[in-house]
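Each remark here refers to the structure printed beneath this line.
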Amino acid sequence: MSKQTLLAMIAGTALIGGWLIFSGSFAHAQIGDFARQERGRLLAAAGDCVACHTADGGKPFAGDRPIETPFGTIYSANITPDAETGIGAWTEEQFYRAMHVGLAADGHRLYPAFPYPWFTKVSRADVDDIRAYLRTLEPVRSKARPNEFTWPLNHRISMAGWNELFFTPGEFQPDKRQSAEWNRGAYLVEGLGHCGACHTPKNMFGSAKADQMYQGGKIQNWFAPSLAGDRRAGLGSWDRDDIARFLKTGRNDRTTAYGPMAEVIKDSTSKMSDEDLQAIATYLKSLPATALQSPEAPNQDVVRTGQAIYEDQCSACHQSGGVGVKGLFPSLKADAIVQSDQPLSALRIILNGGHAASMPGSPNSLAMPSFGWKLSDGQIASVATYVRNAWGNKASAVSSDEVRDLRKSVESATSSY
Amino acid sequence: MAQELTEAGLEVLAIERGSWRETSTDFAPTFIQDELRYRYHGHLFEQTAQETLTFRNTSDQKALPMRRLGSFLPGTGVGGSILHWNGQAWRFLPYDFEIRSQTIARYGEGMVPQDMTLQDWGVTYDELEPYYTRWEDLCGIAGQAGNVKGQKQSGGNPFEGRRSKAYPTPPMKQTYGPTLFAEAAGSMGLHPFPCPSANMSQAYTNPLGVSLAPCTYCGFCEKFGCGNYSKASAQTTILPVLMQKKNFSLRTESEVTAINLDGSRKHATGVSYVDMHGNEYEQPADLVVVCAYITHNVHLLMASGIGTIYDPGTGRGTLGKNYCYQITPSVDVFLGDKILNPFVGAGALGMIVDDWNGDNFDHSGLGFIHGGYIAGYVTTGRPIETELLPEGTPKWGAKWKKAFIGNYLTSMSVSLMGAVMPNAANHLDLDPSYRDVYGRPLMRMTYDFKQNELKMQDFTMAKMVDIAKAMKPREIKKSPRGPHYDIEPYQSTHNTGGAIMGATPQQSLVNRYLQHWDVPNLFVVGASAFPHNSGYNPTGTVSALALWAADAIRNQYLKHTGPLVQT
């Protein structure tokens with residue numbers, strides 16, 4: 001049987017079997033090592049393991065990538081099968097325990113920068129297959145640097161209290177009232193996909209706010225926009241195909257992925273099956289809209305200044321009506337990033353520029369040039385305020401101070417995206 | 001070439017003397033409109049401190065090195081000279097490829113003077129047609145076809161060769177200047193049509209899935225990279241796909257200094273190259289494809305001692321033979337009362353008449369062959385370079401300022417893209433005195449305009465004046481070239497020949513597939529293969545020949561390595 005046929009069959013199983021496959025026994029009983037490893041490879045992609053577990057220029061999955069958190073820098077673990085520095089000596093049971101409740105093989109508590117609060121939803125069968133895949137990797141001998149955490153978080157025992165307060169272990173339980181596709185989407189979004197890790201606001205302890213799920217979150221000086229049904233700053237005006245195409249190719253007729261999402265799409269969602277992407281879209285489209293406050297109308301002098309800057313600097317690509325060029329330059333009209341409550345991502349892209357994701361199905365490697373060297377804080381604030389309120393857009397005004405603060409923190413940031 | 005050969009499954013390594021170049025970092029719209037940096041300081045061009053050539057008009061002069069670029073502006077860096085082209089995207093005429101036999105058939109042997117080393121190309125227009133089409137599809141060329149499968153199309157060029165399909169995108173929108181030109185030409189019974197353009201008239205996604213954006217008519221095309229992804233170049237058509245391929249690698253800042261042959265001198269073993277730190281490497285290869293700018297193609301072959309350098313005294317040797325250029329006279333038109341807004345421009349924005357190009361008209365008794373297209377372009381209104389001033393204007397001072405301000409918005413040029421025929425005295429060889437940074441002799445260019453070009457210029461100048469006058473101007477100014485070629489003022493980066501193609505090894509360096517006659521695993525691709533230079537911009541034909549050669553490598557050479565044409 002060719003690889004393609006086998007993969008197609010697995011994808012078919014996921015679709016037709018719906019939540020049946022979560023029972024685990026089906027997947028276990030019928031397929032051998034190769035099929036499990038292949039399945040694990042796709043699941044590892046769905047979980048985007050490679051993103052955090054690979055350092056810049058390092059071997060894939062060998063860890064040591066610095067992950068910035070509000071509490072300090074954590075260095076990701078080596079998850080290649082090296083017995084000493086990786087997870088080669090871990091048993092299947094120990095690996096499942098790490099994914100399910102956040103305990104390492106030796107029993108020490110993992111920090112939730114490793115998203116076990118999401119991975120706990122993943123079925124035992126899927127976790128086992130991910131491990132089967134990880135064991136096929138070349139063992140890399142590499143020890144991650146020690147974490148740079150402030151007290152009391154440098155004591156892992158503090159995580160016991162955190163877990164007590166914010167963590168509920170338990171595999172995904174399908175909602176029988178919903179379709180198989182919706183359940184598949186929910187399983188992926190809430191589990192392996194761990195979308196909420198970025199797209200949900202966090203409380204002061206770094207835990208996702210349970211009452212504001214998927215309403216947009218700040219992460220590493222980006223703002224991951226709301227995935228809820230709000231038409232202005234969420235996915236309310238996107239249809240399922242818009243979502244699936246965005247996750248597959250990094251762009252759709254409305255927008256283009258930049259920043260960390262471009263990375264997620266390249267390493268993870270672009271490798272998922274069309275059926276899974278449709279399932280994710282179905283689930284996301286079921287998230288209700290949230291009641292957003294109506295912002296104050298901005299100062300008209302600022303808007304006029306912003307408009308003049310926009311016409312000089314931005315309109316060549318984004319066009320005079322803000323509609324962009326389909327498939328090439330994002331529309332700023334009716335865009336969620338532009339109208340997000342926090343303008344962080346838009347400002348950051350204006351300041352530093354950035355590369356759009358480039359995928360085999362959509363090879364363009366377009367980039368927004370940096371304007372940080374050319375426009376002052378006040379000019380960027382004006383043009384951002386204009387764009388946030390032009391062509392039917394509506395969002396709060398941006399202050400020069402906001403731009404100044406962000407400029408300081410992202411000045412030295414470089415990213416391949 | 002690399003795209004085609006990697007598709008065939010070959011492991012391809014590209015060696016580039018310049019640096020990596022990318023739209024957002026190297027020519028972003030935030031800074032590319034810097035005329036001083038790019039046009040005058042030549043930021044994207046060949047650096048004469050690294051490589052240049054020596055020049056003389058005739059063999060009895062001593063050639064001197066070009067220490068500043070002038071007449072032509074070869075590029076350097078990934079993407080090459082196409083990065084900074086205007087985007088005037090032409091096919092040559094069927095006549096061009098069979099120029100000698102068709103000229104003799106129509107006018108008799110006497111029409112080709114003794115010193116005109118004119119020859120057929122060994123390939124016909126019909127053979128190249130699918131490759132022109134493929135290139136236009138890759139680049140999203142905007143234009144109006146004039147002849148689709150033999151059917152004349154209104155509004156297109158009635159003289160063009162038969163094309164298998166129309167252009168992939170509609171022509172650009174013309175501004176007032178080209179419109180006035182076209183009205184004047186039309187009133188004289190000529191056949192104006194929009195210039196085929198690699199500046200996009202609309203968003204376009206090519207067959208490789210790479211997209212180009214609509215042109216903004218900013219007028220910073222030639223001598224600049226396009227910051228808006230609106231001009232076809234390697235960066236906007238192929239590199240995004242090629243760079244992702246596992247069987248392609250690119251080594252930048254590495255200059256190939258020699259092609260190496262084995263003891264038989266009939267087989268290339270690879271190349272030698274030098275990196276930025278002066279380290280020299282030998283890169284083995286099964287197949288060597290030379291794809292540099294024409295002067296470098298020829299120089300590299302000479303520096304490697306491959307082929308016999310042409311001797312104008314005896315006519316022996318083919319390497320360096322038939323070096324040609326173009327002749328580009330113009331007539332400046334001062335309209336006085338009509339505002340043209342030249343700052344709204346694009347590299348290929350203009351209307352064209354092709355009535356006096358190629359053999360589109362009867363040359364009997366004229367004393368020259370070929371011709372050129374006449375254009376009413378408004379490519380740019382860049383403030384330093386756009387200096388159209390009436391006769392008698394001083395070069396500086398208050399009167400100069402007044403004339404500049406008074407004419408900037410209301411003047412344009414009518415220009416000729418004039419063909420140049422090969423001449424026994426015009427050639428390339430190695431300089432006996434000057435050497436480059438690697439110690440190799442510089443290439444020496446011996447070139448001057450000859451009777452054919454000068455007579456053709458006189459003829460077409462009269463035609464341009466007629467059109468200019470029909471535009472009802474306040475005044476006009478004629479700017480002919482010559483009588484001797486001057487390498488200092490910029491004219492065009494349209495150098496051709498020196499490693500020419502043809503039907504026999506006696507008359508050409510490479511065969512009809514651009515394969516070296518003596519070394520079958522060596523291909524020499526570029527305008528260096530043109531046996532003469534036509535009355536069009538060369539990029540379309542360079543590209544069609546590259547695709548034609550790539551096809552021959554894929555479908556013939558890889559099956560039976562060896563000469564593709566038997567001698």
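Chain lettering (A, B, ...) mirrors the order of the structure tokens, residue numbering begins at 1 for each chain separately, and ligand numbering begins at 1 in order of display.
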Shell of 10 Å around Glu411 in chain A, only C-alpha atoms, local chain residues under 3 positions omitted, as number ranges by chain: A: 348, 351-352, 372, 406-408, 414
Would you kindly report the residues of chain A within 6 Å of chain B, using only C-alpha atoms, as a list of chain:residue names?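 Therefore, the residues near the partner are A:Pro363, A:Asn364, A:Ala367, A:Pro369.
The residues of range 152-334 of chain A that DSSP classifies as strand (DSSP E), using the backbone of this structure, are Gly217, Lys218, Ile219, Trp222, Phe223 and Ala224 of chain A.
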Only C-alpha atoms, please: the residues just picked out, written as a PDB file, in the first residue's frame.
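again-v3.pdb, freshly written:
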ATOM      1  CA  GLY A 217      -4.653  37.224  24.044  1.00  0.00           C
ATOM      2  CA  LYS A 218      -1.370  39.043  24.318  1.00  0.00           C
ATOM      3  CA  ILE A 219       1.692  36.912  23.743  1.00  0.00           C
ATOM      4  CA  TRP A 222       1.878  40.165  19.663  1.00  0.00           C
ATOM      5  CA  PHE A 223      -1.866  40.146  20.047  1.00  0.00           C
ATOM      6  CA  ALA A 224      -3.449  36.878  18.973  1.00  0.00           C
TER       7      ALA A 224
END
Write out as a ChimeraX atom specification each polymer residue whose atoms come within 9 Å of range 314-325 of chain B, counting only C-alpha atoms; drop sequence neighbours fewer than 3 positions from it. /B:117-118,298-299,301-302,306-311,419-429,445-447,449,492-500,505-509,528,530-533
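Counting only C-alpha atoms, Lys59 in chain A has the following residues at most 12 Å away, ignoring those fewer than 3 positions along the same chain: Val50, Ala51, Cys52, His53, Thr54, Ala55, Asp56, Ala62, Gly63, Asp64, Arg65, Asn78, Ile79, Thr80, Leu137, Glu138, Pro139, Val140, Arg141 and Ser142 of chain A.
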Please produce an output containing N, CA and C atoms for each residue in the selection, written as an mmCIF file, in the first residue's frame.
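Contents of out.cif, as written:
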data_model
loop_
_atom_site.group_PDB
_atom_site.id
_atom_site.type_symbol
_atom_site.label_atom_id
_atom_site.label_comp_id
_atom_site.auth_asym_id
_atom_site.auth_seq_id
_atom_site.Cartn_x
_atom_site.Cartn_y
_atom_site.Cartn_z
ATOM 1 N N VAL A 50 7.240 20.845 17.114
ATOM 2 C CA VAL A 50 8.550 21.259 16.594
ATOM 3 C C VAL A 50 8.823 22.736 16.870
ATOM 4 N N ALA A 51 7.768 23.540 16.935
ATOM 5 C CA ALA A 51 7.957 24.988 17.074
ATOM 6 C C ALA A 51 8.689 25.326 18.362
ATOM 7 N N CYS A 52 8.182 24.822 19.492
ATOM 8 C CA CYS A 52 8.813 25.160 20.763
ATOM 9 C C CYS A 52 10.043 24.297 21.033
ATOM 10 N N HIS A 53 10.057 23.096 20.501
ATOM 11 C CA HIS A 53 11.133 22.165 20.848
ATOM 12 C C HIS A 53 12.311 22.216 19.878
ATOM 13 N N THR A 54 12.419 23.307 19.106
ATOM 14 C CA THR A 54 13.562 23.456 18.201
ATOM 15 C C THR A 54 14.154 24.846 18.384
ATOM 16 N N ALA A 55 15.439 24.908 18.650
ATOM 17 C CA ALA A 55 16.105 26.204 18.788
ATOM 18 C C ALA A 55 16.420 26.751 17.401
ATOM 19 N N ASP A 56 16.592 28.058 17.290
ATOM 20 C CA ASP A 56 16.986 28.671 16.025
ATOM 21 C C ASP A 56 18.270 28.022 15.518
ATOM 22 N N ALA A 62 15.170 18.995 19.268
ATOM 23 C CA ALA A 62 16.238 18.863 20.262
ATOM 24 C C ALA A 62 16.134 19.913 21.371
ATOM 25 N N GLY A 63 15.105 20.759 21.316
ATOM 26 C CA GLY A 63 14.823 21.666 22.426
ATOM 27 C C GLY A 63 15.778 22.839 22.542
ATOM 28 N N ASP A 64 15.768 23.451 23.733
ATOM 29 C CA ASP A 64 16.626 24.592 24.072
ATOM 30 C C ASP A 64 16.187 25.881 23.390
ATOM 31 N N ARG A 65 14.976 25.928 22.923
ATOM 32 C CA ARG A 65 14.481 27.200 22.402
ATOM 33 C C ARG A 65 13.987 28.037 23.573
ATOM 34 N N ASN A 78 14.544 18.734 25.260
ATOM 35 C CA ASN A 78 14.930 17.881 24.139
ATOM 36 C C ASN A 78 13.973 16.697 24.123
ATOM 37 N N ILE A 79 13.187 16.559 23.059
ATOM 38 C CA ILE A 79 12.252 15.423 23.016
ATOM 39 C C ILE A 79 12.655 14.402 21.949
ATOM 40 N N THR A 80 13.920 14.432 21.546
ATOM 41 C CA THR A 80 14.425 13.338 20.703
ATOM 42 C C THR A 80 14.721 12.140 21.607
ATOM 43 N N LEU A 137 12.896 9.591 15.571
ATOM 44 C CA LEU A 137 13.825 10.688 15.279
ATOM 45 C C LEU A 137 15.249 10.284 15.630
ATOM 46 N N GLU A 138 16.167 10.967 15.003
ATOM 47 C CA GLU A 138 17.578 10.761 15.335
ATOM 48 C C GLU A 138 17.817 11.266 16.765
ATOM 49 N N PRO A 139 18.378 10.444 17.659
ATOM 50 C CA PRO A 139 18.632 10.934 19.021
ATOM 51 C C PRO A 139 19.686 12.040 18.984
ATOM 52 N N VAL A 140 19.378 13.145 19.607
ATOM 53 C CA VAL A 140 20.328 14.260 19.631
ATOM 54 C C VAL A 140 20.758 14.459 21.084
ATOM 55 N N ARG A 141 22.064 14.487 21.281
ATOM 56 C CA ARG A 141 22.566 14.707 22.635
ATOM 57 C C ARG A 141 22.655 16.212 22.855
ATOM 58 N N SER A 142 21.743 16.740 23.627
ATOM 59 C CA SER A 142 21.716 18.189 23.831
ATOM 60 C C SER A 142 20.894 18.499 25.070
#
Determine which residues of range 180-335 of chain A DSSP labels as alpha helix (DSSP H) from the backbone of this structure, then write them out as a ChimeraX atom specification. /A:180-190,196-199,240-249,259-267,274-285,300-309,315-318
For Leu153 in chain A, list every protein, DNA or RNA residue within 12 Å, evaluated using only C-alpha atoms, and leave out those in the same chain fewer than 2 positions away; present the list as a count of residues only. 25
Can you tell me, as a compact mmCIF listing (two decimals) with C-alpha atoms, in the first residue's frame, what residues are no more than 9 Å from Ser399 in chain A when counting only C-alpha atoms, ignoring any on the same chain fewer than 5 positions away?
# COMPACT_ATOMS: atom_id res chain seq x y z
CA ASP A 377 5.87 57.18 17.35
CA GLY A 378 3.34 59.94 16.72
CA ALA A 381 -0.03 56.27 16.21
CA SER A 382 -1.83 58.56 13.74
CA THR A 385 -5.68 55.34 14.49
CA ARG A 404 6.93 54.16 22.13
Name all residues at most 7 Å from Ser411 in chain B (count only C-alpha atoms; drop same-chain ones fewer than 6 positions away) and give them as a list in words.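 What passes the distance filter is Val333, Phe334, Leu335 and Leu388 of chain B.
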If you keep C-alpha atoms, can you produce a file of those selected residues as a short mmCIF file (atom, residue, chain, number, x, y, z; two decimals), in the first residue's frame?
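The new file selection-v1.cif reads:
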data_model
loop_
_atom_site.label_atom_id
_atom_site.label_comp_id
_atom_site.auth_asym_id
_atom_site.auth_seq_id
_atom_site.Cartn_x
_atom_site.Cartn_y
_atom_site.Cartn_z
CA VAL B 333 8.59 66.86 -27.85
CA PHE B 334 7.68 70.05 -25.99
CA LEU B 335 3.92 70.33 -25.94
CA LEU B 388 14.00 67.31 -21.31
#
Can you write out as a Markdown table which residues of range 266-363 of chain B fall within 12 Å of range 401-409 of chain B, alongside each residue's closest atom pair and its distance in Å to one decimal, counting only C-alpha atoms and ordering rows by chain and ascending residue number?
| residue | atom | partner | partner_atom | distance |
| --- | --- | --- | --- | --- |
| B:Asp332 | CA | B:Asn407 | CA | 10.9 |
| B:Val333 | CA | B:Asn407 | CA | 9.8 |
| B:Phe334 | CA | B:Asn407 | CA | 6.9 |
| B:Leu335 | CA | B:Asn407 | CA | 8.4 |
| B:Gly336 | CA | B:Asn407 | CA | 7.2 |
| B:Asp337 | CA | B:Leu409 | CA | 9.5 |
| B:Lys338 | CA | B:Leu409 | CA | 8.1 |
| B:Ile339 | CA | B:Leu409 | CA | 5.5 |
| B:Leu340 | CA | B:Leu409 | CA | 5.6 |
| B:Asn341 | CA | B:Leu409 | CA | 5.3 |
| B:Pro342 | CA | B:Leu409 | CA | 6.3 |
| B:Phe343 | CA | B:Leu409 | CA | 8.5 |
| B:Val344 | CA | B:Leu409 | CA | 10.6 |
In Å, with one decimal, what is the gap from CA of Pro432 in chain B to CA of Ile487 in chain B? 20.2 Å
What's the separation between CA of Ala356 in chain A and CA of Ala257 in chain A, in Å to one decimal place? 5.7 Å
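The interatomic distance for the pair CA of Gly278 in chain B and CA of Glu255 in chain B works out to 9.9 Å.
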Which residue gives the smallest distance to Pro171 in chain B among B:Gly376, B:Pro520, B:Pro563, B:Pro194, with only C-alpha atoms counted?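 That would be B:Pro194, the residue with the smallest distance to Pro171 in chain B.
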